[in-house]
Amino acid sequence: MKLFAVFVILKSPDGGEAKILKKASDLNNFGFFQRSSVDEFLKFTAKIITERTSVGTRSSVKEQEYLAHVYVRSDNLTGVVVSDQEYSNRVAHSLLNKILDEFSKAVPSNTWNTKQIIMTCQLCYQNFRIQKKLML
């Protein structure tokens with residue numbers, strides 16, 4: 001079971017382009033020269049899945065050898081977890097709930113569309129990995 005990336009994204013209410021607010025990834029399983037391509041692929045996939053998922057719904061989408069789990073809340077705040085196919089759907093969606101709750105507590109919703117977001121919230125991959133182990 002591998003967790004490759006976690007995204008917090010703001011879905012545009014008018015159907016425009018989604019905005020990545022925070023991203024954490026672990027690309028150590030890929031070669032040095034592949035990492036930037038894989039990172040771009042993960043970002044693109046997360047944004048497209050966010051834009052195509054309706055508000056208030058959850059889904060899991062298979063893309064190549066990856067499985068992207070997405071949850072779009074009613075306030076358009078979206079969480080995306082990209083993992084391998086062995087990663088449990090239940091664990092991924094529980095993780096999305098926890099991440100989005102923590103993010104919305106740490107960052108006021110009026111700053112989600114501003115540059116201030118980078119300074120106000122410090123999410124890191126190690127926290128997600130620890131939570132993943134606890135949820136198993």
# chains A, B, ... in the order shown; residues from 1 in each chain; ligands from 1

$ residues_around --residues "Gly79 of chain A" --least-positions-apart "3" --cutoff "6 Å" --atoms "only C-alpha atoms" --output "PDB file with N, CA and C atoms, in the first residue's frame"
ATOM      1  N   PHE A   7      -3.826  16.171  -1.777  1.00  0.00           N
ATOM      2  CA  PHE A   7      -4.084  17.533  -2.226  1.00  0.00           C
ATOM      3  C   PHE A   7      -5.258  18.126  -1.465  1.00  0.00           C
ATOM      4  N   VAL A   8      -5.179  19.414  -1.184  1.00  0.00           N
ATOM      5  CA  VAL A   8      -6.330  20.202  -0.749  1.00  0.00           C
ATOM      6  C   VAL A   8      -6.531  21.219  -1.866  1.00  0.00           C
ATOM      7  N   VAL A  70     -11.463  11.160  -4.180  1.00  0.00           N
ATOM      8  CA  VAL A  70     -11.792  12.580  -4.118  1.00  0.00           C
ATOM      9  C   VAL A  70     -13.060  12.791  -3.303  1.00  0.00           C
ATOM     10  N   TYR A  71     -13.069  13.895  -2.560  1.00  0.00           N
ATOM     11  CA  TYR A  71     -14.244  14.306  -1.797  1.00  0.00           C
ATOM     12  C   TYR A  71     -14.379  15.814  -1.949  1.00  0.00           C
ATOM     13  N   LEU A  96      -9.319  11.722   3.983  1.00  0.00           N
ATOM     14  CA  LEU A  96      -9.792  12.957   3.349  1.00  0.00           C
ATOM     15  C   LEU A  96     -10.646  13.778   4.317  1.00  0.00           C
TER      16      LEU A  96
END

$ select_by_dssp --residues "segment 1-65 of chain A" --states "strand (DSSP E)" --output "ChimeraX atom specification"
/A:3-10,19-25,58-63

$ residues_around --residues "Lys62 of chain A" --least-positions-apart "5" --cutoff "12 Å" --atoms "only C-alpha atoms" --output "list in words"
Thr45, Ala46, Ile49, Leu67, Ala68, His69, Val70, Val81, Val82, Ser83, Asp84, Gln85, Glu86, Tyr87 and Asn89 of chain A

$ write_last_selection --atoms "C-alpha atoms" --output "compact mmCIF listing (two decimals), in the first residue's frame"
# COMPACT_ATOMS: atom_id res chain seq x y z
CA THR A 45 -5.17 14.39 -12.46
CA ALA A 46 -6.17 15.89 -9.09
CA ILE A 49 -11.00 14.94 -11.04
CA LEU A 67 -6.32 5.25 -7.70
CA ALA A 68 -7.48 8.81 -6.96
CA HIS A 69 -9.96 9.26 -4.12
CA VAL A 70 -11.79 12.58 -4.12
CA VAL A 81 -5.61 11.26 -2.24
CA VAL A 82 -3.63 9.46 -4.93
CA SER A 83 -2.54 5.96 -4.01
CA ASP A 84 -1.87 2.58 -5.49
CA GLN A 85 -4.76 0.17 -6.04
CA GLU A 86 -4.13 -1.76 -2.81
CA TYR A 87 -4.94 1.28 -0.65
CA ASN A 89 -11.17 3.16 -0.10

$ closest_residue --among "A:Ala18, A:Phe4, A:Ser88, A:Lys11" --to "Phe30 of chain A" --atoms "only C-alpha atoms"
A:Phe4

$ atom_distance --atom1 "atom CA of Ile48 of chain A" --atom2 "atom CA of Leu3 of chain A"
19.1 Å

$ closest_atom_pairs --of "segment 12-96 of chain A" --to "segment 105-113 of chain A" --cutoff "9 Å" --atoms "only C-alpha atoms" --output "Markdown table"
| residue | atom | partner | partner_atom | distance |
| --- | --- | --- | --- | --- |
| A:Lys19 | CA | A:Asn113 | CA | 8.4 |
| A:Leu21 | CA | A:Trp112 | CA | 7.3 |
| A:Asp75 | CA | A:Ser109 | CA | 8.9 |
| A:Leu77 | CA | A:Trp112 | CA | 8.9 |
